[in-house]
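**Q** Okay, here's the structure, questions in a sec.
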Amino acid sequence: MIVPLNHILLVAAALFFMGLSCTLMRRNLVMILIGVEIMLNAAGLVLVAGSAFWQQLDGQLMIMLIMAVTAAEVAVALAMVVYLYGRTGTIDVNTFKDMQG
Amino acid sequence: MTAPELIALLPLLILALGATALLLAARGSVGRGWPLAVGSALALSAALSAVLLPSCVTEVGGMYSTGPYARFFIALWSLATAATLISSGPYLSRRRLPSGEYSALLLFAAAGMGLLSSAVSLSGIFLALEAFTLAFYVLIAFNKNCALGAEAGLKYLVPGGVAAGLLAFGMALLYAASGSLQLPAATAALTIGAPMQSVALAGLALLLAAFAFKLSLVPFHFWTPDVYQGAPAPVTGLLASGSKGAVTAALLTLTATLPAAPAPFKPALATLALLSMVVGTLCALAQSNVKRMLAYSSVVHMGFVLTGLLCWNHTGRTAALFYLVGYSIVTLGIFAVITSFSGEQEPQQLSDYRGLARRQPLRALALTVLLLALAGLPPTVGFMGKLAIFSAALAAGLPLLAVVGIVASLISVYFYLQPVIQMYMTPAPSAEAIEGHSSEYGIIALCLGLTLIFGLWPGPLLELIARLTP
């Protein structure tokens, strides 16, 4: 491996925390979903790096599976976004607070 | 994939392929009963094949085990799904919801839960968890005429996404540290002196947070009451029993492969268990909505199960599994009663239960016994489960968790008795009674019977669970 594993782990950790903070701080549902995608991509980066470091294919196989799962998840989540927008005319998550207690 | 592997996967194939076929065959099936019947038949045949068909291989693709532990849970979740399908017919037709899509989604969720319980690799855990979470995203928001349903769907979607991210990154870190996704090999990087122990520990912490989200352990529980309140009652029943149970089964596999708990791991889990028991009990005391009360009660119960796992020995894990099975039966029964009480609206507020004992004495009695089982009073399965967990915790040197758990169960009698008092002690309003359907009565009677039988004769079930616990 030309790039040391530690460097990739650092980049991936930075990417992961950017995604996590995007998910936790943004109030727009589409931005929250993008944050989740960034977190999953950070995981993919670590899997590819680990795969190269250990000279085996498991990690690369796993990233393909994660991509497929992500596609399915985005399909369901965006359907939900459209449904919520059709119901209330907004995708700001702060407007959804009918349940309290 | 070879023929023996396909035969080993047969129960899951029945669920997944059956669900796909049902989805294609039953388009626009509002108000029809046959998709529910076909769905429950598929789930029952999956359970039967999981019990009767021996498997010639021990695992498939290095990802999913086909041993007795996996088979037991596949059968259990298939039966829970079948019970949910059978009891939700009148509920769906009253609300004009499409039964074909509903059955297919429940079967997909059952397949995912079965896969998660049999996962023996990190990749298997991730794929199975996402498989049933995706089905639940749709199921929770299934009632499009209900505004709370949409909000509940949103409140399951966002924590679900965060949990998926945490799980994937934790899994990737463990893989980078150990070079394997298989469970015993992947957690070997956690042992002291392993080259990348700190990376592996960070991965395990993220994995644990993802599990805590799914089990709704404090402080990752904030989504639970809203989702319980807004989701359709039968879906909530399966969410409370099956989805949490499957995640616990995976967590048990994970903890069983750790030879000794890595130093920071055990105190972290113990804190989660302690917080869940204390905060869950205090929040449940303040609720006037029965479904929200049950949500907080599930937080407390997951704390009890975690106490069993924390014993870190075979007795503790057996007790936790026994408790899990009992809790699933009781919860399914309670939500079947709430489903059968639902007219146009679900009875959620405590005041909706006023005087029900006079109008519907049988179901009121069933609900009373099931709530007392949750509180842990004899002669129910809840009492035997708590006895097993707390004695295992005391024997394993966890007196604090055991004492807090016992105090929490004593306090919990108060909020479980609230609906009972409303049903028996207050006069009935003049609203008309909702007639139950025979299928609903059947499922309620089954859950009630199992609650009492396992409470009086827990021996056979305990022995079975002790044999298959890793």
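For the structure tokens, the naming scheme is as follows: chains receive sequential letters (A, B, ...) according to their order of presentation, residues are indexed from 1 within each chain, and ligands are indexed from 1 in presentation order.
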From a backbone DSSP assignment, name each residue in stretch 311-415 of chain B labelled helix (DSSP H, G or I), as a VMD selection string.
**A** chain B and resid 314 to 341 350 to 353 356 to 359 361 to 375 381 to 395 399 to 415
**Q** Contacts of stretch 358-361 of chain B at 8 Å or less, counting only C-alpha atoms, minus same-chain residues fewer than 3 places along, as an mmCIF file with N, CA and C atoms, in the first residue's frame?
**A**
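Now in result-v7.cif:
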data_model
loop_
_atom_site.group_PDB
_atom_site.id
_atom_site.type_symbol
_atom_site.label_atom_id
_atom_site.label_comp_id
_atom_site.auth_asym_id
_atom_site.auth_seq_id
_atom_site.Cartn_x
_atom_site.Cartn_y
_atom_site.Cartn_z
ATOM 1 N N GLY B 355 -64.297 1.572 31.710
ATOM 2 C CA GLY B 355 -65.440 0.671 31.731
ATOM 3 C C GLY B 355 -65.415 -0.442 30.700
ATOM 4 N N ALA B 364 -60.794 -7.657 28.282
ATOM 5 C CA ALA B 364 -60.283 -6.850 29.389
ATOM 6 C C ALA B 364 -59.484 -7.729 30.348
ATOM 7 N N LEU B 365 -60.003 -8.937 30.599
ATOM 8 C CA LEU B 365 -59.289 -9.861 31.489
ATOM 9 C C LEU B 365 -57.945 -10.259 30.878
ATOM 10 N N MET B 423 -60.288 0.184 33.344
ATOM 11 C CA MET B 423 -61.217 -0.802 32.784
ATOM 12 C C MET B 423 -62.207 -1.296 33.828
ATOM 13 N N TYR B 424 -61.724 -1.463 35.076
ATOM 14 C CA TYR B 424 -62.563 -2.127 36.072
ATOM 15 C C TYR B 424 -63.236 -1.175 37.042
ATOM 16 N N ALA B 428 -68.664 3.054 32.595
ATOM 17 C CA ALA B 428 -68.502 3.043 31.150
ATOM 18 C C ALA B 428 -69.213 4.220 30.530
ATOM 19 N N ALA B 433 -69.887 -0.738 21.831
ATOM 20 C CA ALA B 433 -68.783 -1.680 21.962
ATOM 21 C C ALA B 433 -68.287 -2.098 20.580
#
**Q** Each residue of chain A with at least one atom at most 7 Å from chain B should appear once, together with its nearest atom pair and the corresponding distance in Å (one decimal); atoms considered: only C-alpha atoms; ordering: chain, then increasing residue number; output as a tab-separated table.
**A**
residue	atom	partner	partner_atom	distance
A:Val36	CA	B:Gly161	CA	5.8
A:Met39	CA	B:Gly165	CA	5.1
A:Leu40	CA	B:Gly165	CA	5.2
A:Ala42	CA	B:Phe169	CA	6.9
A:Ala43	CA	B:Phe169	CA	4.3
A:Val46	CA	B:Ala172	CA	5.7
A:Leu47	CA	B:Ala172	CA	5.2
A:Gly50	CA	B:Ala176	CA	4.2
A:Trp54	CA	B:Gly179	CA	5.8
A:Met62	CA	B:Ser123	CA	6.7
A:Glu73	CA	B:Leu134	CA	6.6
A:Leu84	CA	B:Ala150	CA	6.6
A:Phe96	CA	B:Glu151	CA	6.0
A:Met99	CA	B:Asp226	CA	6.1
**Q** For the residues in the current selection, export N, CA and C atoms as a compact mmCIF listing (two decimals), in the first residue's frame.
**A**
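Dumped to selection.txt:
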# COMPACT_ATOMS: atom_id res chain seq x y z
N VAL A 36 -26.47 10.96 5.83
CA VAL A 36 -26.39 9.50 5.99
C VAL A 36 -25.56 8.88 4.88
N MET A 39 -21.93 9.35 5.58
CA MET A 39 -21.44 8.40 6.60
C MET A 39 -21.20 7.04 5.97
N LEU A 40 -22.12 6.58 5.12
CA LEU A 40 -21.95 5.26 4.49
C LEU A 40 -20.75 5.26 3.55
N ALA A 42 -18.04 7.07 3.96
CA ALA A 42 -16.85 6.99 4.81
C ALA A 42 -16.57 5.53 5.17
N ALA A 43 -17.65 4.79 5.50
CA ALA A 43 -17.48 3.36 5.80
C ALA A 43 -16.91 2.63 4.60
N VAL A 46 -13.14 3.13 4.29
CA VAL A 46 -12.38 2.30 5.23
C VAL A 46 -12.35 0.85 4.76
N LEU A 47 -13.49 0.37 4.24
CA LEU A 47 -13.53 -1.02 3.78
C LEU A 47 -12.55 -1.24 2.62
N GLY A 50 -9.03 -1.15 4.06
CA GLY A 50 -8.74 -2.38 4.79
C GLY A 50 -8.51 -3.54 3.84
N TRP A 54 -5.03 -5.63 3.90
CA TRP A 54 -4.95 -7.06 4.22
C TRP A 54 -4.84 -7.93 2.97
N MET A 62 -17.95 -6.23 0.30
CA MET A 62 -18.88 -5.59 1.22
C MET A 62 -19.30 -4.21 0.73
N GLU A 73 -32.25 1.99 0.23
CA GLU A 73 -32.64 2.87 1.33
C GLU A 73 -33.03 4.26 0.80
N LEU A 84 -44.27 13.01 2.56
CA LEU A 84 -44.37 14.04 3.60
C LEU A 84 -44.60 15.41 2.98
N PHE A 96 -42.68 18.69 12.15
CA PHE A 96 -43.36 17.45 12.54
C PHE A 96 -43.22 17.25 14.04
N MET A 99 -46.60 14.98 18.15
CA MET A 99 -46.55 14.03 19.27
C MET A 99 -45.54 14.53 20.29
**Q** Fewer than 2 positions away in the same chain doesn't count, so skip those; otherwise give me all residues within 7 Å of stretch 110-113 of chain B, counting only C-alpha atoms, as a PyMOL selection string.
**A** chain B and resi 12+15-16+77-78+81+106-108+115-117+128-129+131-132+242-243+246
**Q** I need the chosen residues saved as a PDB file, in the first residue's frame, with N, CA and C atoms.
**A**
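Below is the file that was written, result-v7.pdb:
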ATOM      1  N   LEU B  12     -36.071 -19.060   4.949  1.00  0.00           N
ATOM      2  CA  LEU B  12     -35.936 -17.652   4.568  1.00  0.00           C
ATOM      3  C   LEU B  12     -36.346 -17.437   3.122  1.00  0.00           C
ATOM      4  N   LEU B  15     -40.060 -17.142   2.922  1.00  0.00           N
ATOM      5  CA  LEU B  15     -40.516 -15.812   3.343  1.00  0.00           C
ATOM      6  C   LEU B  15     -40.256 -14.774   2.253  1.00  0.00           C
ATOM      7  N   ALA B  16     -39.014 -14.729   1.741  1.00  0.00           N
ATOM      8  CA  ALA B  16     -38.651 -13.651   0.821  1.00  0.00           C
ATOM      9  C   ALA B  16     -39.315 -13.838  -0.539  1.00  0.00           C
ATOM     10  N   TRP B  77     -39.771 -15.749  14.875  1.00  0.00           N
ATOM     11  CA  TRP B  77     -40.214 -14.510  14.196  1.00  0.00           C
ATOM     12  C   TRP B  77     -41.238 -14.821  13.126  1.00  0.00           C
ATOM     13  N   SER B  78     -41.138 -16.002  12.483  1.00  0.00           N
ATOM     14  CA  SER B  78     -42.169 -16.359  11.497  1.00  0.00           C
ATOM     15  C   SER B  78     -43.511 -16.517  12.189  1.00  0.00           C
ATOM     16  N   THR B  81     -44.876 -13.140  13.070  1.00  0.00           N
ATOM     17  CA  THR B  81     -45.426 -12.483  11.890  1.00  0.00           C
ATOM     18  C   THR B  81     -46.767 -13.077  11.511  1.00  0.00           C
ATOM     19  N   LEU B 106     -44.695  -7.342   5.703  1.00  0.00           N
ATOM     20  CA  LEU B 106     -44.469  -8.052   6.967  1.00  0.00           C
ATOM     21  C   LEU B 106     -43.611  -9.289   6.741  1.00  0.00           C
ATOM     22  N   LEU B 107     -43.844  -9.990   5.600  1.00  0.00           N
ATOM     23  CA  LEU B 107     -43.026 -11.180   5.315  1.00  0.00           C
ATOM     24  C   LEU B 107     -41.579 -10.790   5.040  1.00  0.00           C
ATOM     25  N   PHE B 108     -41.371  -9.680   4.309  1.00  0.00           N
ATOM     26  CA  PHE B 108     -39.998  -9.203   4.083  1.00  0.00           C
ATOM     27  C   PHE B 108     -39.328  -8.902   5.432  1.00  0.00           C
ATOM     28  N   LEU B 115     -32.854 -13.460   9.275  1.00  0.00           N
ATOM     29  CA  LEU B 115     -31.464 -13.369   8.837  1.00  0.00           C
ATOM     30  C   LEU B 115     -30.604 -12.734   9.929  1.00  0.00           C
ATOM     31  N   LEU B 116     -31.135 -11.663  10.565  1.00  0.00           N
ATOM     32  CA  LEU B 116     -30.339 -10.965  11.576  1.00  0.00           C
ATOM     33  C   LEU B 116     -30.045 -11.893  12.751  1.00  0.00           C
ATOM     34  N   SER B 117     -31.047 -12.700  13.145  1.00  0.00           N
ATOM     35  CA  SER B 117     -30.827 -13.604  14.278  1.00  0.00           C
ATOM     36  C   SER B 117     -29.813 -14.674  13.941  1.00  0.00           C
ATOM     37  N   ALA B 128     -28.833  -7.743   7.058  1.00  0.00           N
ATOM     38  CA  ALA B 128     -30.115  -8.183   7.604  1.00  0.00           C
ATOM     39  C   ALA B 128     -30.816  -7.052   8.332  1.00  0.00           C
ATOM     40  N   LEU B 129     -30.028  -6.248   9.062  1.00  0.00           N
ATOM     41  CA  LEU B 129     -30.624  -5.132   9.808  1.00  0.00           C
ATOM     42  C   LEU B 129     -31.288  -4.160   8.846  1.00  0.00           C
ATOM     43  N   ALA B 131     -32.340  -4.874   5.884  1.00  0.00           N
ATOM     44  CA  ALA B 131     -33.447  -5.536   5.187  1.00  0.00           C
ATOM     45  C   ALA B 131     -34.751  -5.337   5.947  1.00  0.00           C
ATOM     46  N   PHE B 132     -34.741  -5.566   7.276  1.00  0.00           N
ATOM     47  CA  PHE B 132     -36.036  -5.419   7.942  1.00  0.00           C
ATOM     48  C   PHE B 132     -36.342  -3.971   8.292  1.00  0.00           C
ATOM     49  N   GLY B 242     -40.490  -8.476  17.544  1.00  0.00           N
ATOM     50  CA  GLY B 242     -39.588  -9.074  16.571  1.00  0.00           C
ATOM     51  C   GLY B 242     -38.345  -8.260  16.291  1.00  0.00           C
ATOM     52  N   SER B 243     -38.514  -6.958  16.000  1.00  0.00           N
ATOM     53  CA  SER B 243     -37.342  -6.216  15.558  1.00  0.00           C
ATOM     54  C   SER B 243     -36.350  -6.070  16.710  1.00  0.00           C
ATOM     55  N   ALA B 246     -34.769  -9.549  17.377  1.00  0.00           N
ATOM     56  CA  ALA B 246     -33.753  -9.972  16.407  1.00  0.00           C
ATOM     57  C   ALA B 246     -32.438  -9.238  16.662  1.00  0.00           C
TER      58      ALA B 246
END
**Q** Within 9 Å of B:Ile14, counting only C-alpha atoms, which residues qualify if same-chain residues fewer than 3 places away don't, as a PyMOL selection string?
**A** chain B and resi 9-11+17-19+42-43+45-46+111
**Q** Please produce a file of the residues just selected, as a PDB file, in the first residue's frame, where the atoms kept are C-alpha atoms.
**A**
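Output file again_0.pdb follows:
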ATOM      1  CA  LEU B   9     -31.950 -21.409   3.554  1.00  0.00           C
ATOM      2  CA  LEU B  10     -35.420 -22.767   2.684  1.00  0.00           C
ATOM      3  CA  PRO B  11     -37.351 -21.045   5.538  1.00  0.00           C
ATOM      4  CA  LEU B  17     -39.861 -15.274  -2.425  1.00  0.00           C
ATOM      5  CA  GLY B  18     -43.377 -15.680  -1.043  1.00  0.00           C
ATOM      6  CA  ALA B  19     -43.425 -11.991  -0.182  1.00  0.00           C
ATOM      7  CA  LEU B  42     -46.350 -18.698   4.114  1.00  0.00           C
ATOM      8  CA  ALA B  43     -45.061 -17.568   7.510  1.00  0.00           C
ATOM      9  CA  SER B  45     -44.777 -22.962   6.523  1.00  0.00           C
ATOM     10  CA  ALA B  46     -41.482 -21.099   6.976  1.00  0.00           C
ATOM     11  CA  ALA B 111     -37.097 -12.646   6.504  1.00  0.00           C
TER      12      ALA B 111
END
**Q** Give me the residues within 7 Å of stretch 27-33 of chain A as a list in words, counting only C-alpha atoms and dropping any in the same chain fewer than 6 places off.
**A**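 Close residues of stretch 27-33 of chain A: Ile91, Asp92, Val93 and Asn94 of chain A.
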**Q** My list of candidates is B:Thr368, B:Ala393, B:Gln422, B:Thr469. Which is closest to B:Thr255 when distances are computed with only C-alpha atoms?
**A**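 Closest to B:Thr255, using only C-alpha atoms: B:Thr469.
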**Q** Just the number, please: distance in Å from atom CA of B:Ala250 to atom CA of A:Phe53, one decimal.
**A**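 Pair atom CA of B:Ala250 / atom CA of A:Phe53 returns 27.9 Å.
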**Q** Atom CA of B:Val60 and atom CA of B:Met1, how far apart in Å?
**A**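 Spanning atom CA of B:Met1 to atom CA of B:Val60 is a straight-line distance of 8.8 Å.
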**Q** What's the 10 Å shell around B:Ala80, counting only C-alpha atoms, without same-chain residues fewer than 6 positions away, as a list in words?
**A**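 Residues meeting the cut-off are Ser40, Ala43, Leu44, Ala47, Ile74, Ile86, Ala110, Gly237, Leu238, Ser241, Gly242, Ser328, Ile329 and Leu332 of chain B.
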**Q** Keeping only C-alpha atoms, write the selected residues to a file as a compact mmCIF listing (two decimals), in the first residue's frame.
**A**
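New file part_24.txt:
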# COMPACT_ATOMS: atom_id res chain seq x y z
CA SER B 40 -49.84 -16.20 7.33
CA ALA B 43 -45.06 -17.57 7.51
CA LEU B 44 -46.36 -20.74 9.17
CA ALA B 47 -41.69 -21.76 10.72
CA ILE B 74 -36.45 -17.95 12.35
CA ILE B 86 -53.95 -13.21 11.36
CA ALA B 110 -39.77 -11.50 8.96
CA GLY B 237 -46.57 -5.18 18.16
CA LEU B 238 -44.14 -6.73 15.69
CA SER B 241 -41.25 -7.95 19.80
CA GLY B 242 -39.59 -9.07 16.57
CA SER B 328 -42.26 -11.11 22.73
CA ILE B 329 -45.26 -13.34 23.46
CA LEU B 332 -47.76 -9.49 20.79
**Q** Enumerate, as a list of chain:residue names, the complete set of residues in stretch 8-240 of chain B that a backbone-based DSSP assignment places in strand (DSSP E).
**A**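 Selecting the strand (DSSP E) positions of stretch 8-240 of chain B gives B:Glu59, B:Val60, B:Tyr64, B:Ser65.
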**Q** Keeping only C-alpha atoms, take the residues you just selected and write them out as a PDB file, in the first residue's frame.
**A**
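The result, stored in out.pdb:
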ATOM      1  CA  GLU B  59     -23.375 -21.873   7.696  1.00  0.00           C
ATOM      2  CA  VAL B  60     -24.042 -20.240   4.343  1.00  0.00           C
ATOM      3  CA  TYR B  64     -25.372 -16.755   8.134  1.00  0.00           C
ATOM      4  CA  SER B  65     -25.455 -19.719  10.488  1.00  0.00           C
TER       5      SER B  65
END
**Q** Could you give me, as a list in words, the residues within 8 Å of A:Val48, counting only C-alpha atoms and dropping anything in the same chain fewer than 6 positions from it?
**A**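 Contacts, in chain order: Gly59, Gln60 and Ile63 of chain A.
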**Q** Output N, CA and C atoms of each residue in that selection to a file, as a PDB file, in the first residue's frame.
**A**
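Contents of result-v9.pdb, as written:
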ATOM      1  N   GLY A  59     -13.556  -6.933   1.905  1.00  0.00           N
ATOM      2  CA  GLY A  59     -13.965  -5.547   2.060  1.00  0.00           C
ATOM      3  C   GLY A  59     -14.546  -4.980   0.776  1.00  0.00           C
ATOM      4  N   GLN A  60     -13.933  -5.349  -0.366  1.00  0.00           N
ATOM      5  CA  GLN A  60     -14.445  -4.830  -1.634  1.00  0.00           C
ATOM      6  C   GLN A  60     -15.821  -5.408  -1.942  1.00  0.00           C
ATOM      7  N   ILE A  63     -18.334  -3.474   0.124  1.00  0.00           N
ATOM      8  CA  ILE A  63     -18.700  -2.123  -0.341  1.00  0.00           C
ATOM      9  C   ILE A  63     -19.721  -2.208  -1.471  1.00  0.00           C
TER      10      ILE A  63
END
